[in-house]
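The structure file work_21.cif is reproduced below (mmCIF, C-alpha atoms and all ligand atoms).
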```
data_target
loop_
_atom_site.label_atom_id
_atom_site.label_comp_id
_atom_site.auth_asym_id
_atom_site.auth_seq_id
_atom_site.Cartn_x
_atom_site.Cartn_y
_atom_site.Cartn_z
CA MET L 277 156.93 116.37 77.65
CA ALA L 278 156.68 119.47 79.86
CA ASN L 279 153.60 121.64 79.50
CA PRO L 280 154.09 124.80 77.44
CA SER L 281 155.00 127.69 79.74
CA LEU L 282 153.51 131.16 79.86
CA LEU L 283 154.54 134.24 81.82
CA ILE L 284 151.62 136.59 82.41
CA LEU L 285 152.48 140.24 82.97
CA ALA L 286 149.09 141.90 83.40
CA GLY L 287 150.52 145.37 84.11
CA ASP L 288 148.44 148.44 84.91
CA GLY L 289 144.98 149.96 84.44
CA ILE L 290 142.71 147.66 82.47
CA GLY L 291 145.63 145.20 81.94
CA PRO L 292 144.70 142.97 84.90
CA GLU L 293 140.97 143.21 84.05
CA VAL L 294 141.34 141.98 80.47
CA MET L 295 143.98 139.43 81.45
CA ALA L 296 141.55 137.88 83.98
CA GLU L 297 139.38 136.87 81.01
CA VAL L 298 142.37 135.36 79.19
CA LYS L 299 143.17 133.32 82.29
CA LYS L 300 139.67 131.82 82.15
CA ILE L 301 140.36 130.69 78.58
CA ILE L 302 143.77 129.26 79.49
CA THR L 303 142.08 127.22 82.25
CA TRP L 304 139.39 126.16 79.77
CA MET L 305 142.07 124.89 77.35
CA GLY L 306 143.50 122.69 80.13
CA ASP L 307 140.14 121.41 81.39
CA LYS L 308 138.25 120.95 78.13
CA ARG L 309 140.93 120.44 75.48
CA GLY L 310 143.57 118.58 77.48
CA LEU L 311 146.05 121.39 76.82
CA PRO L 312 147.42 122.51 80.19
CA PHE L 313 149.80 125.45 80.35
CA ASP L 314 152.29 126.16 83.14
CA VAL L 315 151.45 129.73 84.04
CA THR L 316 153.51 132.10 86.19
CA GLU L 317 152.61 135.70 86.86
CA ASP L 318 154.68 138.74 87.63
CA LEU L 319 154.64 142.53 87.65
CA VAL L 320 155.53 144.97 84.91
CA GLY L 321 155.16 148.72 84.33
CA GLY L 322 153.72 150.89 87.08
CA ALA L 323 152.80 147.86 89.19
CA ALA L 324 156.46 146.74 89.18
CA TYR L 325 157.61 150.30 89.94
CA ASP L 326 155.28 150.46 92.96
CA ALA L 327 156.63 147.17 94.30
CA HIS L 328 160.30 147.37 93.32
CA GLY L 329 161.11 150.91 92.16
CA THR L 330 161.72 149.71 88.59
CA PRO L 331 159.23 148.93 85.77
CA LEU L 332 160.94 145.59 85.08
CA THR L 333 163.16 143.70 87.53
CA ASP L 334 166.06 141.58 86.32
CA ALA L 335 164.33 138.55 87.84
CA THR L 336 161.18 139.16 85.77
CA LEU L 337 163.26 139.66 82.64
CA ALA L 338 165.07 136.37 83.33
CA LYS L 339 161.70 134.59 83.60
CA ALA L 340 160.56 136.18 80.33
CA GLN L 341 163.68 134.84 78.63
CA GLU L 342 162.98 131.30 79.88
CA VAL L 343 159.29 130.76 79.13
CA ASP L 344 157.78 129.71 75.80
CA ALA L 345 155.73 132.92 75.56
CA VAL L 346 154.97 136.11 77.47
CA LEU L 347 151.42 137.51 77.62
CA LEU L 348 151.33 141.19 78.48
CA GLY L 349 148.28 143.30 79.38
CA ALA L 350 149.10 147.01 79.30
CA VAL L 351 151.33 149.45 81.15
CA GLY L 352 151.15 153.08 82.19
CA GLY L 353 148.81 155.58 83.78
CA PRO L 354 148.64 159.22 84.89
CA LYS L 355 150.00 158.35 88.33
CA TYR L 356 153.35 157.59 86.70
CA ASP L 357 153.55 160.61 84.38
CA VAL L 358 155.73 162.48 86.87
CA LEU L 359 158.39 159.72 87.04
CA ASP L 360 161.82 160.11 85.53
CA PHE L 361 161.94 158.83 81.93
CA SER L 362 164.25 155.94 82.94
CA VAL L 363 161.65 154.36 85.26
CA LYS L 364 158.44 155.15 83.40
CA PRO L 365 156.18 152.08 82.99
CA GLU L 366 156.72 152.03 79.19
CA ARG L 367 160.47 151.53 79.76
CA GLY L 368 159.64 148.09 81.17
CA LEU L 369 157.92 147.13 77.95
CA LEU L 370 160.70 148.53 75.76
CA ARG L 371 163.33 146.71 77.80
CA LEU L 372 161.48 143.41 77.36
CA ARG L 373 161.31 143.91 73.58
CA LYS L 374 164.98 144.90 73.39
CA GLU L 375 166.46 142.26 75.69
CA MET L 376 164.39 139.50 74.10
CA ASP L 377 165.41 140.88 70.68
CA LEU L 378 161.84 140.75 69.38
CA PHE L 379 162.55 141.98 65.86
CA SER L 380 159.35 140.89 64.13
CA ASN L 381 156.17 142.69 65.10
CA LEU L 382 152.95 141.08 63.89
CA ARG L 383 149.89 143.28 63.68
CA PRO L 384 146.86 141.56 62.20
CA ALA L 385 144.02 143.56 60.71
CA GLN L 386 141.05 141.29 60.93
CA CYS L 387 137.51 142.57 60.47
CA PHE L 388 134.74 140.50 61.99
CA ASP L 389 131.63 140.68 59.87
CA ALA L 390 129.48 141.87 62.78
CA LEU L 391 131.71 144.93 63.21
CA ALA L 392 132.21 145.88 59.57
CA ASP L 393 130.09 149.00 59.98
CA PHE L 394 132.56 150.34 62.57
CA SER L 395 135.18 150.89 59.90
CA SER L 396 135.41 154.24 58.15
CA LEU L 397 135.65 152.29 54.87
CA LYS L 398 132.69 150.72 53.06
CA ARG L 399 131.44 147.39 54.44
CA ASP L 400 132.30 145.34 51.33
CA VAL L 401 135.90 146.65 51.41
CA VAL L 402 136.53 145.45 54.99
CA ALA L 403 134.01 142.69 55.87
CA GLY L 404 135.91 139.43 56.34
CA LEU L 405 139.29 141.16 56.00
CA ASP L 406 142.21 139.15 57.43
CA ILE L 407 145.68 140.50 56.73
CA MET L 408 148.92 140.57 58.72
CA ILE L 409 151.49 143.35 58.80
CA VAL L 410 154.99 142.24 59.79
CA ARG L 411 156.98 145.26 60.94
CA GLU L 412 160.72 145.13 61.61
CA LEU L 413 160.92 146.34 65.21
CA THR L 414 164.50 146.68 66.40
CA SER L 415 166.38 148.55 63.68
CA GLY L 416 165.91 151.15 60.94
CA VAL L 417 165.49 154.89 61.29
CA TYR L 418 164.32 154.78 64.94
CA PHE L 419 167.70 153.35 65.97
CA GLY L 420 170.24 154.26 63.25
CA GLU L 421 173.29 156.44 64.00
CA PRO L 422 174.12 159.27 63.58
CA ARG L 423 171.06 160.80 65.12
CA GLY L 424 170.45 164.06 66.92
CA ILE L 425 169.92 167.77 66.50
CA PHE L 426 173.14 169.52 65.50
CA LYS L 427 174.23 173.05 64.76
CA GLU L 428 175.14 173.67 61.13
CA GLY L 429 176.22 177.24 60.43
CA ASN L 430 173.45 179.49 61.72
CA GLU L 431 170.76 176.92 62.03
CA ARG L 432 170.00 173.55 63.63
CA VAL L 433 169.71 170.35 61.66
CA GLY L 434 167.80 167.27 62.78
CA ILE L 435 169.28 163.94 61.70
CA ASN L 436 168.05 160.36 61.79
CA THR L 437 169.62 157.53 59.87
CA GLN L 438 167.82 154.71 58.09
CA ARG L 439 170.21 151.77 58.42
CA TYR L 440 169.62 148.09 57.75
CA THR L 441 172.10 145.24 57.54
CA GLU L 442 171.45 142.27 55.27
CA SER L 443 170.97 139.96 58.26
CA GLU L 444 168.42 142.27 59.86
CA ILE L 445 166.38 142.28 56.65
CA ALA L 446 166.79 138.55 56.07
CA ARG L 447 165.53 137.51 59.50
CA VAL L 448 162.34 139.57 59.34
CA ALA L 449 161.76 138.38 55.75
CA ARG L 450 162.03 134.78 56.96
CA SER L 451 159.59 135.51 59.74
CA ALA L 452 157.09 136.85 57.16
CA PHE L 453 157.51 133.88 54.78
CA GLU L 454 157.08 131.41 57.66
CA LEU L 455 153.87 133.19 58.69
CA ALA L 456 152.55 133.22 55.14
CA ARG L 457 152.96 129.45 54.97
CA ARG L 458 150.49 129.16 57.87
CA ARG L 459 148.07 131.55 56.18
CA ASN L 460 147.36 132.16 52.48
CA ASN L 461 150.96 131.84 51.30
CA LYS L 462 151.37 135.38 49.95
CA VAL L 463 153.89 138.03 50.99
CA CYS L 464 154.03 141.62 49.74
CA SER L 465 157.24 143.43 50.69
CA MET L 466 157.04 147.23 50.95
CA GLU L 467 159.89 149.77 50.83
CA LYS L 468 160.90 152.84 48.83
CA ALA L 469 163.49 151.30 46.51
CA ASN L 470 162.73 154.09 44.03
CA VAL L 471 164.31 156.74 46.26
CA MET L 472 166.21 155.01 49.11
CA GLU L 473 169.33 152.81 48.98
CA SER L 474 168.17 150.98 52.11
CA GLY L 475 165.02 150.17 50.11
CA ILE L 476 167.08 148.76 47.23
CA LEU L 477 168.95 146.52 49.67
CA TRP L 478 165.67 145.54 51.36
CA ARG L 479 164.18 144.44 48.02
CA ASP L 480 167.37 142.54 47.06
CA VAL L 481 167.62 140.65 50.34
CA VAL L 482 163.91 139.76 50.51
CA THR L 483 164.19 138.44 46.93
CA GLU L 484 167.32 136.40 47.80
CA VAL L 485 165.71 134.83 50.88
CA HIS L 486 162.66 134.00 48.80
CA GLN L 487 164.71 132.44 45.99
CA LYS L 488 166.76 130.39 48.41
CA ASP L 489 164.16 128.96 50.78
CA TYR L 490 160.60 130.11 50.11
CA GLN L 491 159.81 129.74 46.41
CA ASP L 492 156.52 128.05 47.34
CA VAL L 493 155.31 131.40 48.78
CA GLU L 494 154.01 134.04 46.34
CA LEU L 495 156.15 137.19 46.67
CA SER L 496 155.39 140.67 45.34
CA HIS L 497 157.02 144.07 45.97
CA MET L 498 155.35 147.44 46.30
CA TYR L 499 156.54 150.94 47.08
CA ALA L 500 155.32 151.77 50.59
CA ASP L 501 153.36 154.86 49.49
CA ALA L 502 151.52 152.87 46.82
CA GLY L 503 150.99 150.18 49.47
CA ALA L 504 149.30 152.70 51.77
CA MET L 505 146.96 153.62 48.93
CA GLN L 506 146.20 149.98 48.12
CA LEU L 507 145.51 149.24 51.80
CA CYS L 508 142.69 151.78 51.71
CA ARG L 509 141.49 150.92 48.20
CA TRP L 510 141.26 147.12 48.41
CA PRO L 511 142.99 145.65 51.50
CA LYS L 512 141.75 142.12 50.77
CA GLN L 513 144.38 141.81 48.00
CA PHE L 514 147.00 141.28 50.74
CA ASP L 515 147.81 138.35 53.00
CA VAL L 516 151.15 139.14 54.74
CA ILE L 517 152.86 142.52 54.30
CA VAL L 518 156.50 142.78 55.42
CA THR L 519 158.10 146.16 55.85
CA ASP L 520 160.63 148.17 57.84
CA ASN L 521 160.23 149.84 61.20
CA LEU L 522 159.11 153.30 60.03
CA PHE L 523 156.79 152.24 57.19
CA GLY L 524 155.48 149.43 59.39
CA ASP L 525 154.62 151.88 62.14
CA LEU L 526 152.47 153.90 59.75
CA LEU L 527 151.01 151.07 57.67
CA SER L 528 150.06 148.93 60.68
CA ASP L 529 148.20 151.79 62.35
CA ALA L 530 146.36 152.55 59.11
CA ALA L 531 145.51 148.87 58.61
CA ALA L 532 144.41 148.50 62.24
CA MET L 533 141.90 151.28 61.81
CA LEU L 534 140.33 149.45 58.87
CA THR L 535 138.81 147.22 61.51
CA GLY L 536 137.25 149.89 63.71
CA SER L 537 137.89 149.45 67.43
CA LEU L 538 141.04 149.60 69.55
CA GLY L 539 139.56 147.06 71.96
CA MET L 540 139.73 144.41 69.21
CA LEU L 541 143.37 144.56 68.12
CA PRO L 542 145.91 141.91 69.16
CA SER L 543 149.64 141.83 68.38
CA ALA L 544 152.69 139.64 68.68
CA SER L 545 156.39 140.36 68.77
CA LEU L 546 158.64 137.48 67.79
CA GLY L 547 162.39 136.93 68.01
CA ALA L 548 164.85 134.24 67.01
CA PRO L 549 163.98 130.56 67.56
CA MET L 550 164.92 129.18 71.00
CA ALA L 551 166.53 125.78 71.61
CA ASN L 552 163.07 124.14 71.46
CA GLY L 553 162.43 125.65 68.00
CA ARG L 554 159.79 128.11 69.25
CA PRO L 555 160.46 131.78 68.62
CA LYS L 556 161.03 134.10 71.57
CA ALA L 557 157.63 135.72 71.81
CA MET L 558 155.52 138.32 73.54
CA TYR L 559 151.79 138.74 72.85
CA GLU L 560 149.86 141.85 73.84
CA PRO L 561 146.82 143.91 72.89
CA VAL L 562 147.59 147.05 70.88
CA HIS L 563 145.65 149.26 73.31
CA GLY L 564 147.10 150.87 76.44
CA SER L 565 146.01 150.83 80.07
CA ALA L 566 142.89 152.98 79.41
CA PRO L 567 142.96 154.85 82.74
CA ASP L 568 139.66 156.56 81.86
CA ILE L 569 137.76 153.27 82.23
CA ALA L 570 140.10 151.24 84.50
CA GLY L 571 138.49 149.53 87.49
CA GLN L 572 134.96 149.93 86.12
CA GLY L 573 134.47 146.58 84.39
CA LYS L 574 133.98 148.38 81.06
CA ALA L 575 137.08 147.22 79.16
CA ASN L 576 136.74 145.00 76.12
CA PRO L 577 138.88 141.88 76.74
CA ILE L 578 138.78 140.71 73.10
CA ALA L 579 142.13 142.25 72.01
CA CYS L 580 143.86 140.42 74.85
CA ILE L 581 141.97 137.19 74.15
CA LEU L 582 142.89 137.38 70.45
CA SER L 583 146.52 137.95 71.50
CA PHE L 584 146.36 134.63 73.34
CA ALA L 585 144.90 133.06 70.17
CA MET L 586 147.98 134.35 68.33
CA ALA L 587 150.16 132.67 70.96
CA LEU L 588 148.33 129.39 70.35
CA ARG L 589 148.99 129.69 66.62
CA TYR L 590 152.50 131.14 66.47
CA SER L 591 154.20 129.82 69.62
CA PHE L 592 152.45 126.51 70.16
CA ASP L 593 151.46 125.37 66.68
CA LEU L 594 147.86 125.05 67.84
CA GLY L 595 146.28 126.75 64.84
CA ASP L 596 143.02 124.81 65.20
CA GLU L 597 142.64 125.94 68.81
CA ALA L 598 143.46 129.53 67.78
CA THR L 599 140.71 129.33 65.16
CA ARG L 600 138.35 127.92 67.81
CA VAL L 601 138.95 130.98 70.01
CA GLU L 602 138.60 133.39 67.06
CA SER L 603 135.39 131.68 65.96
CA ALA L 604 133.99 131.93 69.51
CA VAL L 605 134.70 135.68 69.45
CA GLU L 606 133.07 135.95 66.04
CA LYS L 607 129.96 134.08 67.23
CA VAL L 608 129.55 136.26 70.32
CA LEU L 609 129.81 139.40 68.21
CA ALA L 610 127.38 138.02 65.64
CA ASP L 611 124.93 137.40 68.51
CA GLY L 612 125.08 141.13 69.27
CA VAL L 613 126.99 140.82 72.56
CA ARG L 614 128.84 144.11 73.06
CA THR L 615 131.08 145.87 75.56
CA ALA L 616 130.54 149.65 75.64
CA ASP L 617 133.26 150.40 73.06
CA LEU L 618 131.47 148.21 70.50
CA LEU L 619 128.11 149.96 70.67
CA GLY L 620 127.30 151.94 67.56
CA PRO L 621 125.51 155.30 67.45
CA GLU L 622 122.20 153.44 67.84
CA GLY L 623 123.30 152.49 71.39
CA GLY L 624 122.16 149.37 73.27
CA SER L 625 123.07 147.84 76.62
CA PRO L 626 126.74 147.06 77.11
CA ILE L 627 127.94 144.08 79.08
CA SER L 628 130.89 144.01 81.46
CA THR L 629 134.44 142.79 80.83
CA SER L 630 133.83 139.56 82.72
CA ALA L 631 130.44 138.97 81.07
CA MET L 632 132.18 139.25 77.67
CA GLY L 633 134.75 136.68 78.83
CA ASP L 634 131.97 134.38 80.03
CA ALA L 635 130.08 134.74 76.73
CA ILE L 636 133.23 133.71 74.84
CA LEU L 637 133.68 130.74 77.19
CA ALA L 638 130.07 129.68 76.53
CA ALA L 639 130.74 129.87 72.78
CA LEU L 640 133.87 127.78 73.28
CA ASP L 641 131.81 125.19 75.20
CA ALA L 642 129.31 125.17 72.34
CA SER L 643 132.13 124.48 69.86
CA LEU L 644 132.91 121.08 71.43
P1 LIG H 1 144.68 153.68 75.48
O1 LIG H 1 144.81 152.66 74.43
O2 LIG H 1 144.93 153.22 76.86
O3 LIG H 1 143.21 154.32 75.43
C1 LIG H 1 142.72 155.06 74.31
C2 LIG H 1 141.17 155.08 74.36
O4 LIG H 1 140.69 153.78 74.00
C3 LIG H 1 140.62 155.35 75.77
O5 LIG H 1 139.44 156.11 75.64
C4 LIG H 1 140.29 153.96 76.29
O6 LIG H 1 139.24 153.96 77.24
C5 LIG H 1 139.91 153.20 75.02
N1 LIG H 1 140.28 151.78 75.13
C6 LIG H 1 141.53 151.27 75.07
N2 LIG H 1 141.49 149.95 75.23
C7 LIG H 1 140.19 149.62 75.41
C8 LIG H 1 139.53 148.39 75.64
N3 LIG H 1 140.18 147.22 75.72
N4 LIG H 1 138.19 148.42 75.81
C9 LIG H 1 137.51 149.56 75.71
N5 LIG H 1 138.08 150.76 75.49
C10 LIG H 1 139.41 150.79 75.34
O7 LIG H 1 145.66 154.86 75.10
P2 LIG H 1 146.03 156.20 75.89
O8 LIG H 1 144.81 156.70 76.61
O9 LIG H 1 146.71 157.06 74.93
O10 LIG H 1 147.11 155.76 76.98
C11 LIG H 1 146.81 155.42 78.33
C12 LIG H 1 148.07 154.88 79.00
O11 LIG H 1 148.46 153.65 78.37
C13 LIG H 1 149.29 155.81 78.88
O12 LIG H 1 150.01 155.74 80.08
C14 LIG H 1 150.08 155.20 77.73
O13 LIG H 1 151.45 155.51 77.83
C15 LIG H 1 149.82 153.74 77.94
N6 LIG H 1 149.96 152.90 76.71
C16 LIG H 1 150.44 151.66 76.91
C17 LIG H 1 150.53 150.79 75.83
C18 LIG H 1 150.99 149.39 76.10
O14 LIG H 1 151.04 148.95 77.24
N7 LIG H 1 151.33 148.63 75.07
C19 LIG H 1 150.09 151.20 74.57
C20 LIG H 1 149.57 152.47 74.41
C21 LIG H 1 149.49 153.32 75.51
#
```
Target format structure tokens, applied to this file:
Amino acid sequence: MANPSLLILAGDGIGPEVMAEVKKIITWMGDKRGLPFDVTEDLVGGAAYDAHGTPLTDATLAKAQEVDAVLLGAVGGPKYDVLDFSVKPERGLLRLRKEMDLFSNLRPAQCFDALADFSSLKRDVVAGLDIMIVRELTSGVYFGEPRGIFKEGNERVGINTQRYTESEIARVARSAFELARRRNNKVCSMEKANVMESGILWRDVVTEVHQKDYQDVELSHMYADAGAMQLCRWPKQFDVIVTDNLFGDLLSDAAAMLTGSLGMLPSASLGAPMANGRPKAMYEPVHGSAPDIAGQGKANPIACILSFAMALRYSFDLGDEATRVESAVEKVLADGVRTADLLGPEGGSPISTSAMGDAILAALDASL
């Protein structure tokens, strides 16, 4: 069988720096675990604009459509702020998500014990937390028509439309149930069925999909506002949360901050299954290109490394290897190894991006 294929789009700013550490781990998987990947690399964002005058060429998009998974670093930077909206680096990323129809956005909120004091919540509320927010990414109020600012009598009116079809709800619900089966088998669906028709339909369809194919998974429903409260009160009650685009935007940012640092947060965006059964997929850290620290060896590569761990688990069915990478990260943090962003108010000496990557590799070696 052919090796699994990866397209690496390192992008701009700290993107290439953090991706260099992921590449070390990909090589390690081939050398030490007998799991070789076929890796190709290409440009995206500002780097692609500099080379080709567009943040994503058709050729790169075609490659992204063919591979088993895309790993993306970050895009953007002040140099590109003056560009026309249509060729800004972020347009490359949005085009990838749209053309690959990546409708299911996975944002884990995982709190490593060694970093529990970074959270603004109490240690016992967040230590050991491991939840996953599944946000519908390609529909809902950010896309619905009509939209715009219109004149009505003597004043302007701003309109956006929350619109979901049954099939759009069903496919993201399936994605959440499938994920839950690989985790703790619990899904909580969040909407506002008390005040929104789209919420009533959301609840109906999620229930139907559950009844039909996923009765082995525990399903509960919660109004999204109550869900926000529960996320802050006792987040460990959740395993997988599935919700729409707007509520998911808010809830995933709130959940992410339970864990403390931007340099630690991975994400995945999944689409429909391809011919080989794997979902179309792109994995990327939540953070941006961090121009303020780019080129200085200060960036924390862990968010990008944990994004690769998600690829192992969700694209390649290598959950044990994903856990191995996550455990190596956990060990390094427990040993007190820190990039600058992970130093608390008491300070300490930070290590560089590549030293963090090497420490994680050493922990991986020790796991054999
Ligand atoms: P940012 O995430 O790049 O940086 C915010 C702050 O967090 C900065 O102080 C940065 O130094 C720090 N930070 C981020 N990642 C870090 C890491 N891995 N290690 C240590 N510190 C880290 O957000 P921003 O400053 O608002 O945006 C900078 C550029 O990135 C903009 O052009 C923006 O459009 C773009 N952006 C891209 C993405 C993406 O590619 N997915 C996401 C967000 C922002």
Determine, using all atoms listed in the file, which residues of chain L have any atom at most 8 Å from an atom of ligand LIG 1 (chain H), and tabulate each with its shortest atom pair and distance in Å to one decimal place, rows ordered by chain and then rising number, as a Markdown table.
```
| residue | atom | partner | partner_atom | distance |
| --- | --- | --- | --- | --- |
| L:Gly287 | CA | H:LIG1 | O14 | 7.8 |
| L:Gly289 | CA | H:LIG1 | O11 | 7.9 |
| L:Ile290 | CA | H:LIG1 | N3 | 7.2 |
| L:Val294 | CA | H:LIG1 | N3 | 7.2 |
| L:Leu348 | CA | H:LIG1 | O14 | 7.9 |
| L:Gly349 | CA | H:LIG1 | O14 | 6.6 |
| L:Ala350 | CA | H:LIG1 | O14 | 3.4 |
| L:Val351 | CA | H:LIG1 | O14 | 4.0 |
| L:Gly352 | CA | H:LIG1 | O12 | 3.6 |
| L:Gly353 | CA | H:LIG1 | O12 | 3.9 |
| L:Pro354 | CA | H:LIG1 | O12 | 6.1 |
| L:Tyr356 | CA | H:LIG1 | O12 | 7.6 |
| L:Asp357 | CA | H:LIG1 | O12 | 7.4 |
| L:Pro365 | CA | H:LIG1 | O12 | 7.7 |
| L:Glu366 | CA | H:LIG1 | O13 | 6.5 |
| L:Leu369 | CA | H:LIG1 | O14 | 7.2 |
| L:Leu538 | CA | H:LIG1 | N2 | 5.7 |
| L:Gly539 | CA | H:LIG1 | N3 | 3.8 |
| L:Met540 | CA | H:LIG1 | N3 | 7.1 |
| L:Glu560 | CA | H:LIG1 | N7 | 7.0 |
| L:Pro561 | CA | H:LIG1 | N7 | 6.9 |
| L:Val562 | CA | H:LIG1 | N7 | 5.8 |
| L:His563 | CA | H:LIG1 | O1 | 3.7 |
| L:Gly564 | CA | H:LIG1 | O2 | 3.2 |
| L:Ser565 | CA | H:LIG1 | O11 | 4.1 |
| L:Ala566 | CA | H:LIG1 | O2 | 3.3 |
| L:Pro567 | CA | H:LIG1 | C11 | 5.9 |
| L:Asp568 | CA | H:LIG1 | O6 | 5.3 |
| L:Ile569 | CA | H:LIG1 | O6 | 5.3 |
| L:Ala570 | CA | H:LIG1 | O6 | 7.8 |
| L:Lys574 | CA | H:LIG1 | C9 | 6.5 |
| L:Ala575 | CA | H:LIG1 | N4 | 3.7 |
| L:Asn576 | CA | H:LIG1 | N4 | 3.7 |
| L:Pro577 | CA | H:LIG1 | N3 | 5.6 |
| L:Ile578 | CA | H:LIG1 | N3 | 7.2 |
| L:Ala579 | CA | H:LIG1 | N3 | 6.5 |
| L:Cys580 | CA | H:LIG1 | N3 | 7.8 |
| L:Thr615 | CA | H:LIG1 | C9 | 7.4 |
| L:Ala616 | CA | H:LIG1 | C9 | 7.0 |
| L:Asp617 | CA | H:LIG1 | C9 | 5.1 |
```
Could you state the separation of CA of Gln386 (chain L) and CA of Asp406 (chain L) in Å, given to one decimal place?
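CA of Gln386 (chain L) sits 4.3 Å away from CA of Asp406 (chain L).
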Nearest-residue call for Ala385 (chain L), choices L:Pro292, L:Pro511, L:Gly416, L:Gly329, using all atoms listed in the file
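Checking each candidate against Ala385 (chain L), we get L:Pro511 as the closest.
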Just the number, please: distance in Å from CA of Val481 (chain L) to CA of Gln341 (chain L), one decimal.
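The value is 29.1 Å.
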For Leu546 (chain L), which residue out of L:Asp360, L:Asp515, L:Glu622, L:Glu454 is the nearest one, using all atoms listed in the file?
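Nearest candidate to Leu546 (chain L) out of L:Asp360, L:Asp515, L:Glu622, L:Glu454: L:Glu454.
Comparing L:Ser362, L:Thr519, L:Ser625, L:Ser415 by their smallest distance to Leu332 (chain L), the closest is L:Ser362 (using only C-alpha atoms).
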Shortest interatomic distance to Pro621 (chain L) - which of L:Ala456, L:His497, L:Ser591, L:Phe394, counting all atoms listed in the file
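Answer, going by the shortest atom-to-atom distance: L:Phe394.
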Near region 526-535 of chain L, within 9 Å and counting all atoms listed in the file, which residues show up once chain neighbours fewer than 6 positions away are dropped, as JSON, numbers by chain?
{"L": [382, 383, 384, 385, 386, 387, 388, 391, 392, 394, 395, 396, 397, 402, 403, 405, 407, 408, 409, 410, 411, 500, 503, 504, 507, 508, 511, 519, 541]}
Counting only C-alpha atoms, select every polymer residue within 6 Å of (154.4, 126.8, 82.8) as defined in the file's coordinates, and provide the selection as JSON, numbers by chain.
{"L": [280, 281, 282, 313, 314, 315]}
Could you tell me how far CA of Leu359 (chain L) lies from CA of Arg371 (chain L), in Å and to one decimal?
16.7 Å
Adding 5 Å on each side of the box along x, y and z that holds all listed atoms of region 377-389 of chain L, could you give its centre and edge lengths in Å to one decimal, as AutoDock Vina command-line options?
```
--center_x 148.5 --center_y 142.0 --center_z 65.3 --size_x 43.8 --size_y 13.1 --size_z 20.8
```
May I have the residues within 10 Å of region 440-452 of chain L as a ChimeraX atom specification, using all atoms listed in the file and disregarding those fewer than 4 positions away in the same chain?
/L:379-382,408-417,419-420,456-457,461-465,473-475,477-486,489-490,516-520,546-548,555
Measuring between only C-alpha atoms, which one of L:Ser630, L:Thr316, L:Asn552, L:Asn430 shows the shortest distance to Leu347 (chain L)?
L:Thr316
Nearest to Ala324 (chain L): which of L:Asp307, L:Phe361, L:Gly368, L:Val343 is it, counting only C-alpha atoms?
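Residue with the minimum atom-to-atom distance to Ala324 (chain L): L:Gly368.
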Can you tell me, as an MDAnalysis selection string, what residues are no more than 12 Å from Met305 (chain L) when counting all atoms listed in the file, ignoring any on the same chain fewer than 2 positions away?
chainID L and resid 298:303 307:314 584:585 588 594 597:598 600:601 637 640:641 644
Store the residues of this selection in a file with C-alpha atoms, as a PDB file, in the coordinates of the input.
```pdb
ATOM      1  CA  VAL L 298     142.370 135.360  79.190  1.00  0.00           C
ATOM      2  CA  LYS L 299     143.170 133.320  82.290  1.00  0.00           C
ATOM      3  CA  LYS L 300     139.670 131.820  82.150  1.00  0.00           C
ATOM      4  CA  ILE L 301     140.360 130.690  78.580  1.00  0.00           C
ATOM      5  CA  ILE L 302     143.770 129.260  79.490  1.00  0.00           C
ATOM      6  CA  THR L 303     142.080 127.220  82.250  1.00  0.00           C
ATOM      7  CA  ASP L 307     140.140 121.410  81.390  1.00  0.00           C
ATOM      8  CA  LYS L 308     138.250 120.950  78.130  1.00  0.00           C
ATOM      9  CA  ARG L 309     140.930 120.440  75.480  1.00  0.00           C
ATOM     10  CA  GLY L 310     143.570 118.580  77.480  1.00  0.00           C
ATOM     11  CA  LEU L 311     146.050 121.390  76.820  1.00  0.00           C
ATOM     12  CA  PRO L 312     147.420 122.510  80.190  1.00  0.00           C
ATOM     13  CA  PHE L 313     149.800 125.450  80.350  1.00  0.00           C
ATOM     14  CA  ASP L 314     152.290 126.160  83.140  1.00  0.00           C
ATOM     15  CA  PHE L 584     146.360 134.630  73.340  1.00  0.00           C
ATOM     16  CA  ALA L 585     144.900 133.060  70.170  1.00  0.00           C
ATOM     17  CA  LEU L 588     148.330 129.390  70.350  1.00  0.00           C
ATOM     18  CA  LEU L 594     147.860 125.050  67.840  1.00  0.00           C
ATOM     19  CA  GLU L 597     142.640 125.940  68.810  1.00  0.00           C
ATOM     20  CA  ALA L 598     143.460 129.530  67.780  1.00  0.00           C
ATOM     21  CA  ARG L 600     138.350 127.920  67.810  1.00  0.00           C
ATOM     22  CA  VAL L 601     138.950 130.980  70.010  1.00  0.00           C
ATOM     23  CA  LEU L 637     133.680 130.740  77.190  1.00  0.00           C
ATOM     24  CA  LEU L 640     133.870 127.780  73.280  1.00  0.00           C
ATOM     25  CA  ASP L 641     131.810 125.190  75.200  1.00  0.00           C
ATOM     26  CA  LEU L 644     132.910 121.080  71.430  1.00  0.00           C
TER      27      LEU L 644
END
```
